[in-house]
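Here is query-v8.tsv, consisting of TSV, C-alpha atoms and all ligand atoms:
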```tsv
chain	number	residue	atom	x	y	z
L	1	MET	CA	210.28	-159.56	75.24
L	2	ARG	CA	208.75	-158.35	78.47
L	3	LEU	CA	205.20	-157.13	78.94
L	4	ARG	CA	204.12	-154.76	81.70
L	5	TYR	CA	200.41	-154.18	82.22
L	6	PHE	CA	199.60	-150.81	83.80
L	7	SER	CA	195.78	-151.45	83.79
L	8	HIS	CA	193.02	-150.38	81.36
L	9	SER	CA	194.52	-150.81	77.85
L	10	ALA	CA	197.95	-149.47	78.77
L	11	VAL	CA	200.89	-151.80	78.32
L	12	GLN	CA	204.63	-151.50	77.99
L	13	ILE	CA	206.56	-153.91	75.83
L	14	THR	CA	210.32	-154.16	76.10
L	15	ALA	CA	212.01	-156.01	73.25
L	16	ASN	CA	215.13	-158.04	73.94
L	17	ASN	CA	217.17	-155.35	72.16
L	18	GLY	CA	216.01	-152.82	74.78
L	19	LYS	CA	213.51	-150.91	72.60
L	20	VAL	CA	210.47	-149.83	74.64
L	21	LEU	CA	206.95	-149.54	73.23
L	22	LEU	CA	203.96	-148.13	75.02
L	23	ILE	CA	200.48	-148.96	73.83
L	24	ASP	CA	197.65	-146.59	74.83
L	25	PRO	CA	199.49	-145.04	77.82
L	26	PHE	CA	196.62	-143.74	79.94
L	27	LEU	CA	198.32	-143.37	83.32
L	28	ASP	CA	197.94	-140.04	85.17
L	29	GLY	CA	194.15	-139.84	84.89
L	30	ASN	CA	193.77	-143.57	85.32
L	31	PRO	CA	192.68	-144.38	88.89
L	32	THR	CA	193.93	-147.98	88.64
L	33	SER	CA	197.44	-147.45	87.26
L	34	PRO	CA	200.17	-147.77	89.91
L	35	VAL	CA	202.59	-146.01	87.54
L	36	LYS	CA	202.46	-142.39	86.42
L	37	SER	CA	203.57	-140.94	83.11
L	38	ASP	CA	206.81	-139.39	84.40
L	39	GLU	CA	208.02	-142.86	85.47
L	40	VAL	CA	207.93	-144.43	82.01
L	41	LYS	CA	210.01	-144.09	78.89
L	42	ALA	CA	209.12	-144.94	75.33
L	43	ASP	CA	210.96	-145.24	72.06
L	44	TYR	CA	207.60	-145.84	70.39
L	45	ILE	CA	204.02	-145.00	71.31
L	46	ILE	CA	201.37	-147.08	69.58
L	47	LEU	CA	197.81	-145.78	69.72
L	48	THR	CA	194.84	-147.98	68.88
L	49	HIS	CA	192.55	-144.92	68.70
L	50	ALA	CA	192.24	-141.36	69.95
L	51	HIS	CA	189.83	-141.58	72.89
L	52	GLY	CA	191.19	-139.93	76.01
L	53	ASP	CA	191.55	-143.22	77.88
L	54	HIS	CA	193.96	-144.40	75.14
L	55	LEU	CA	195.72	-141.24	73.93
L	56	GLY	CA	196.17	-140.66	77.65
L	57	ASP	CA	199.54	-139.12	78.52
L	58	SER	CA	201.08	-139.80	75.13
L	59	PHE	CA	202.06	-136.21	74.42
L	60	LYS	CA	203.68	-135.68	77.82
L	61	ILE	CA	205.71	-138.86	77.42
L	62	ALA	CA	206.67	-138.18	73.81
L	63	GLU	CA	207.78	-134.66	74.66
L	64	ARG	CA	210.13	-135.98	77.35
L	65	CYS	CA	211.35	-139.09	75.50
L	66	GLY	CA	211.23	-138.06	71.84
L	67	SER	CA	209.05	-141.10	71.11
L	68	LEU	CA	207.85	-141.99	67.62
L	69	PHE	CA	204.09	-142.42	67.31
L	70	ILE	CA	202.85	-145.31	65.22
L	71	CYS	CA	199.16	-145.16	64.39
L	72	VAL	CA	196.63	-144.96	61.59
L	73	ASN	CA	197.11	-142.12	59.15
L	74	GLU	CA	194.56	-139.64	60.50
L	75	LEU	CA	195.68	-140.05	64.11
L	76	ALA	CA	199.36	-139.94	63.12
L	77	ASN	CA	198.66	-136.65	61.29
L	78	TYR	CA	196.99	-135.33	64.44
L	79	CYS	CA	200.09	-136.21	66.49
L	80	ALA	CA	202.31	-134.61	63.85
L	81	SER	CA	200.14	-131.46	63.91
L	82	LYS	CA	201.01	-131.18	67.62
L	83	GLY	CA	204.71	-131.27	66.73
L	84	PHE	CA	205.46	-134.95	67.39
L	85	ASN	CA	207.22	-137.54	65.26
L	86	ALA	CA	204.71	-139.95	63.80
L	87	HIS	CA	204.76	-142.84	61.40
L	88	ASN	CA	201.53	-143.20	59.44
L	89	MET	CA	200.14	-146.67	58.83
L	90	HIS	CA	196.69	-148.06	58.18
L	91	ILE	CA	194.50	-151.09	58.68
L	92	GLY	CA	195.84	-154.17	56.94
L	93	GLY	CA	199.33	-152.73	56.66
L	94	ALA	CA	202.41	-154.18	58.33
L	95	ARG	CA	205.92	-152.85	58.71
L	96	ASN	CA	209.20	-153.88	60.28
L	97	PHE	CA	210.80	-151.59	62.83
L	98	ASP	CA	213.92	-152.14	64.93
L	99	PHE	CA	211.78	-153.73	67.69
L	100	GLY	CA	209.99	-156.14	65.36
L	101	ARG	CA	206.89	-156.12	63.17
L	102	ILE	CA	203.57	-154.37	63.61
L	103	LYS	CA	200.38	-154.93	61.64
L	104	PHE	CA	197.18	-152.92	62.01
L	105	THR	CA	193.83	-154.69	62.20
L	106	ILE	CA	190.23	-153.53	62.18
L	107	ALA	CA	188.37	-152.73	65.39
L	108	HIS	CA	184.69	-151.91	65.75
L	109	HIS	CA	184.61	-148.74	67.82
L	110	GLY	CA	184.97	-144.96	67.35
L	111	SER	CA	187.93	-142.60	67.35
L	112	VAL	CA	187.74	-138.91	68.11
L	113	THR	CA	190.41	-136.89	69.90
L	114	PRO	CA	189.78	-135.24	73.30
L	115	ASP	CA	189.48	-131.89	71.42
L	116	ASN	CA	186.85	-133.47	69.19
L	117	GLN	CA	188.76	-134.03	65.96
L	118	TYR	CA	188.08	-137.05	63.77
L	119	ALA	CA	191.02	-139.42	64.10
L	120	GLY	CA	190.32	-142.04	61.45
L	121	GLU	CA	189.33	-145.62	62.09
L	122	PRO	CA	190.05	-147.31	65.42
L	123	ALA	CA	192.40	-150.26	65.18
L	124	GLY	CA	194.03	-153.21	66.84
L	125	VAL	CA	197.65	-154.26	66.40
L	126	VAL	CA	199.42	-157.55	65.91
L	127	LEU	CA	203.03	-157.33	67.09
L	128	THR	CA	205.71	-159.88	66.31
L	129	ILE	CA	208.69	-159.32	68.57
L	130	ASP	CA	211.53	-161.69	69.50
L	131	GLY	CA	209.74	-164.61	67.84
L	132	LYS	CA	206.47	-164.16	69.75
L	133	SER	CA	203.20	-162.72	68.51
L	134	LEU	CA	200.83	-160.55	70.47
L	135	TYR	CA	197.45	-159.18	69.38
L	136	HIS	CA	196.21	-156.10	71.27
L	137	THR	CA	192.68	-155.70	69.97
L	138	GLY	CA	192.18	-152.09	71.09
L	139	ASP	CA	188.62	-151.18	72.01
L	140	THR	CA	186.28	-153.29	69.94
L	141	GLY	CA	183.15	-155.30	69.76
L	142	LEU	CA	183.34	-158.93	68.75
L	143	PHE	CA	183.91	-159.63	65.06
L	144	TYR	CA	184.28	-162.89	63.19
L	145	ASP	CA	187.48	-161.85	61.38
L	146	MET	CA	189.34	-162.39	64.65
L	147	LYS	CA	189.46	-165.96	63.37
L	148	LEU	CA	191.27	-164.75	60.23
L	149	ILE	CA	193.67	-162.63	62.29
L	150	GLY	CA	194.62	-165.72	64.32
L	151	GLU	CA	195.01	-167.80	61.17
L	152	MET	CA	197.28	-165.27	59.43
L	153	THR	CA	199.48	-164.88	62.50
L	154	PRO	CA	199.25	-167.77	64.98
L	155	LEU	CA	198.99	-165.89	68.25
L	156	ASP	CA	200.97	-166.43	71.42
L	157	TYR	CA	199.10	-163.71	73.32
L	158	MET	CA	195.82	-161.88	72.83
L	159	LEU	CA	195.03	-158.81	74.96
L	160	LEU	CA	191.34	-158.05	74.74
L	161	PRO	CA	188.75	-155.94	76.55
L	162	ILE	CA	186.22	-157.57	78.87
L	163	GLY	CA	184.73	-154.49	80.57
L	164	ASP	CA	181.51	-154.35	78.50
L	165	ASN	CA	179.53	-151.13	77.90
L	166	TYR	CA	182.06	-149.64	75.40
L	167	THR	CA	183.63	-152.92	74.24
L	168	MET	CA	183.17	-156.66	74.42
L	169	GLY	CA	181.99	-158.02	77.73
L	170	ILE	CA	182.93	-161.43	79.06
L	171	GLU	CA	180.61	-163.51	76.88
L	172	ASP	CA	181.76	-161.91	73.63
L	173	ALA	CA	185.41	-161.85	74.72
L	174	VAL	CA	185.33	-165.61	75.36
L	175	LYS	CA	183.98	-166.05	71.83
L	176	ALA	CA	186.78	-163.80	70.53
L	177	VAL	CA	189.36	-166.05	72.19
L	178	GLU	CA	187.65	-169.10	70.72
L	179	LEU	CA	187.91	-167.51	67.24
L	180	ALA	CA	191.48	-166.17	67.41
L	181	LYS	CA	192.85	-169.12	69.44
L	182	PRO	CA	195.80	-167.45	71.17
L	183	LYS	CA	198.00	-169.65	73.35
L	184	THR	CA	197.23	-167.23	76.20
L	185	ALA	CA	194.43	-164.68	76.53
L	186	ILE	CA	194.96	-161.63	78.76
L	187	PRO	CA	191.94	-159.51	79.78
L	188	ILE	CA	192.20	-155.71	79.65
L	189	HIS	CA	189.91	-152.63	79.79
L	190	TYR	CA	188.02	-153.52	82.98
L	191	ASN	CA	187.57	-152.11	86.51
L	192	THR	CA	189.06	-148.72	85.62
L	193	PHE	CA	185.69	-147.05	86.12
L	194	SER	CA	182.46	-148.36	87.63
L	195	VAL	CA	180.80	-148.54	84.21
L	196	ILE	CA	183.33	-151.16	83.05
L	197	GLU	CA	183.49	-153.22	86.23
L	198	ASN	CA	183.83	-156.90	85.45
L	199	ASP	CA	185.42	-160.01	86.94
L	200	PRO	CA	188.62	-161.15	85.18
L	201	GLU	CA	188.57	-164.43	87.15
L	202	LEU	CA	185.14	-165.22	85.70
L	203	PHE	CA	186.53	-164.54	82.23
L	204	LYS	CA	189.50	-166.81	82.97
L	205	SER	CA	187.26	-169.66	84.12
L	206	ARG	CA	185.10	-169.35	80.98
L	207	VAL	CA	188.18	-169.38	78.73
L	208	GLU	CA	189.48	-172.45	80.54
L	209	LYS	CA	186.08	-174.12	80.11
L	210	ILE	CA	186.60	-174.05	76.32
L	211	GLY	CA	190.07	-175.59	76.73
L	212	LEU	CA	192.16	-172.42	76.29
L	213	THR	CA	194.51	-170.55	78.59
L	214	CYS	CA	194.03	-167.19	80.27
L	215	LYS	CA	196.40	-165.17	82.42
L	216	VAL	CA	195.06	-162.35	84.58
L	217	LEU	CA	197.76	-159.75	85.16
L	218	LYS	CA	197.83	-157.55	88.25
L	219	PHE	CA	197.83	-153.81	87.58
L	220	GLY	CA	201.52	-152.94	87.30
L	221	GLU	CA	202.70	-156.52	86.89
L	222	GLU	CA	205.51	-157.31	84.44
L	223	ILE	CA	206.00	-160.73	82.88
L	224	GLU	CA	208.43	-162.31	80.43
L	225	LEU	CA	206.68	-163.45	77.28
L	301	NI	NI	187.61	-146.07	73.12
L	302	MN	MN	188.57	-147.25	75.93
```

Structure translated into structure tokens:
Amino acid sequence: MRLRYFSHSAVQITANNGKVLLIDPFLDGNPTSPVKSDEVKADYIILTHAHGDHLGDSFKIAERCGSLFICVNELANYCASKGFNAHNMHIGGARNFDFGRIKFTIAHHGSVTPDNQYAGEPAGVVLTIDGKSLYHTGDTGLFYDMKLIGEMTPLDYMLLPIGDNYTMGIEDAVKAVELAKPKTAIPIHYNTFSVIENDPELFKSRVEKIGLTCKVLKFGEEIEL
């Protein structure tokens, strides 16, 4: 599979069979994304929670591409109420799709839609695609069960926030990597706004100090996983 990082929490995953997933596609209002919503396509849109910097341009993209939303029940119902196709899941549940497998995890955060509707619990996702596993934590504080998540699915990649203020900062994110033990940690959710400014190279050096690997992706960069 290929992973493209747009910045913030927005990523695109392309499975080897050509299926395209977007996670938290916040692009048009995102000052750091080099890509805008009319330039992307999506067979699936996965939302970790409903905050505007994650729901982002989902509806615009889904309207153009006919994407299927995959999210927790309450948020999936919200998407369906707007006329979109949505598959309801919930925390702890996994399911196979034509791109691979997705499992929802807990996240410690909030989740309300931009028009102020309760959208259920926030979540993270563990994806298993083309024989590789990737954990996108969503917005969350540090929690010890990240160790369990890494034990249940040995992780190739872990995408986790380092921007502080709303989520883990660097110190807690390093601990999260130590608990989940991914082969490669990738920092997200930083430098989009001044309130979440943080140094990904400092995070990388701290991860390396505990003997683990970190890759800092440029905004817009695409890599083969
Ligand atoms: Ni949030
Ligand atoms: Mn956020």

| field | Residues near L:Lys218, cut-off 10 Å, only C-alpha atoms, skip fewer than 2 positions along chain, as an MDAnalysis selection string | value | chainID L and resid 4:7 215:216 220:222

How would the residues just picked look written out with C-alpha atoms as an mmCIF file, in the frame of the given file?
```
data_model
loop_
_atom_site.group_PDB
_atom_site.id
_atom_site.type_symbol
_atom_site.label_atom_id
_atom_site.label_comp_id
_atom_site.auth_asym_id
_atom_site.auth_seq_id
_atom_site.Cartn_x
_atom_site.Cartn_y
_atom_site.Cartn_z
ATOM 1 C CA ARG L 4 204.120 -154.760 81.700
ATOM 2 C CA TYR L 5 200.410 -154.180 82.220
ATOM 3 C CA PHE L 6 199.600 -150.810 83.800
ATOM 4 C CA SER L 7 195.780 -151.450 83.790
ATOM 5 C CA LYS L 215 196.400 -165.170 82.420
ATOM 6 C CA VAL L 216 195.060 -162.350 84.580
ATOM 7 C CA GLY L 220 201.520 -152.940 87.300
ATOM 8 C CA GLU L 221 202.700 -156.520 86.890
ATOM 9 C CA GLU L 222 205.510 -157.310 84.440
#
```

| query | What do you get as an MDAnalysis selection string if you pick all residues at most 8 Å from ligand MN 302 (chain L), counting all atoms listed in the file? | reply | chainID L and resid 8:9 51:54 138:139 166:167 189

Contact table chain L vs ligand NI 301 (chain L), cut-off 12 Å, shortest pair per residue, only C-alpha atoms and all ligand atoms, as CSV:
```
residue,atom,partner,partner_atom,distance
L:His8,CA,L:NI301,NI,10.8
L:Ser9,CA,L:NI301,NI,9.6
L:Asp24,CA,L:NI301,NI,10.2
L:Phe26,CA,L:NI301,NI,11.5
L:Leu47,CA,L:NI301,NI,10.8
L:Thr48,CA,L:NI301,NI,8.6
L:His49,CA,L:NI301,NI,6.7
L:Ala50,CA,L:NI301,NI,7.3
L:His51,CA,L:NI301,NI,5.0
L:Gly52,CA,L:NI301,NI,7.7
L:Asp53,CA,L:NI301,NI,6.8
L:His54,CA,L:NI301,NI,6.9
L:Leu55,CA,L:NI301,NI,9.5
L:Gly56,CA,L:NI301,NI,11.1
L:Ala107,CA,L:NI301,NI,10.2
L:His108,CA,L:NI301,NI,9.8
L:His109,CA,L:NI301,NI,6.6
L:Gly110,CA,L:NI301,NI,6.4
L:Ser111,CA,L:NI301,NI,6.7
L:Val112,CA,L:NI301,NI,8.7
L:Thr113,CA,L:NI301,NI,10.1
L:Pro114,CA,L:NI301,NI,11.0
L:Ala119,CA,L:NI301,NI,11.7
L:Glu121,CA,L:NI301,NI,11.2
L:Pro122,CA,L:NI301,NI,8.2
L:Ala123,CA,L:NI301,NI,10.2
L:Gly124,CA,L:NI301,NI,11.5
L:Thr137,CA,L:NI301,NI,11.3
L:Gly138,CA,L:NI301,NI,7.8
L:Asp139,CA,L:NI301,NI,5.3
L:Thr140,CA,L:NI301,NI,8.0
L:Gly141,CA,L:NI301,NI,10.8
L:Pro161,CA,L:NI301,NI,10.5
L:Gly163,CA,L:NI301,NI,11.6
L:Asp164,CA,L:NI301,NI,11.6
L:Asn165,CA,L:NI301,NI,10.7
L:Tyr166,CA,L:NI301,NI,7.0
L:Thr167,CA,L:NI301,NI,8.0
L:Met168,CA,L:NI301,NI,11.6
L:His189,CA,L:NI301,NI,9.6
L:Ile196,CA,L:NI301,NI,12.0
```

| For L:Tyr118, which residue out of L:Gly211, L:Thr184, L:Leu68, L:Ala76 is the nearest one, using only C-alpha atoms? | L:Ala76

Close residues, L:Pro182 itself excluded, 7 Å, all atoms listed in the file, min 6 positions apart in chain, as a PDB file with C-alpha atoms, in the frame of the given file:
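Ended up saving to around_0.pdb:
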```pdb
ATOM      1  CA  LEU L 155     198.990-165.890  68.250  1.00  0.00           C
ATOM      2  CA  ASP L 156     200.970-166.430  71.420  1.00  0.00           C
ATOM      3  CA  TYR L 157     199.100-163.710  73.320  1.00  0.00           C
ATOM      4  CA  MET L 158     195.820-161.880  72.830  1.00  0.00           C
TER       5      MET L 158
END
```

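Reported to one decimal place, the separation of atom CA of L:Glu197 from atom CA of L:Leu179 is 24.2 Å.
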
| Distance in Å - atom CA of L:Gly120 versus atom CA of L:Val20 | 25.3 Å

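Atom to atom, atom CA of L:Val207 and atom CA of L:Pro154 stand 17.7 Å apart.
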
| Quick one: of L:Ile91, L:Asp57, L:Lys82, L:Met1, who's nearest to L:Ser133, counting only C-alpha atoms? |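 Nearest candidate to L:Ser133 out of L:Ile91, L:Asp57, L:Lys82, L:Met1: L:Met1.
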
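Residues in contact with stretch 173-176 of chain L at 9 Å, where only C-alpha atoms are counted and same-chain residues fewer than 6 positions away are skipped, are listed as Gly141, Leu142, Phe143, Tyr144, Met146, Lys147, Leu160, Pro161, Ile162, Pro187, Phe203, Lys204, Arg206, Val207 and Ile210 of chain L.
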
| note | Judged by only C-alpha atoms, the minimum distance to L:Lys103 among L:Ile23, L:Val125, L:Ala86, L:Ala180 is found for L:Val125

| message | Let me make sure I understand: among L:Asn17, L:Lys181, L:Ile46, L:Asn88, which one has the smallest atom-to-atom distance to L:Glu151 if we use only C-alpha atoms? | response | L:Lys181

| task | Select, from L:Leu22, L:Ile170, L:Ile61, L:Leu134, the residue with the minimum atom-to-atom distance to L:Asp199, counting only C-alpha atoms. | result | L:Ile170

| Residues near L:Cys65, cut-off 8 Å, all atoms listed in the file, skip fewer than 4 positions along chain, as a VMD selection string | chain L and resid 41 to 43 61

| query | Between L:Val177, L:Leu202, L:Leu27, L:Val126, which is the closest to L:Ala10 once you count only C-alpha atoms? | reply | L:Leu27

| field | Ref. answer, residues at most 6 Å from (198.9, -148.6, 61.2) with only C-alpha atoms, as a ChimeraX atom specification | value | /L:71-72,89-91,104
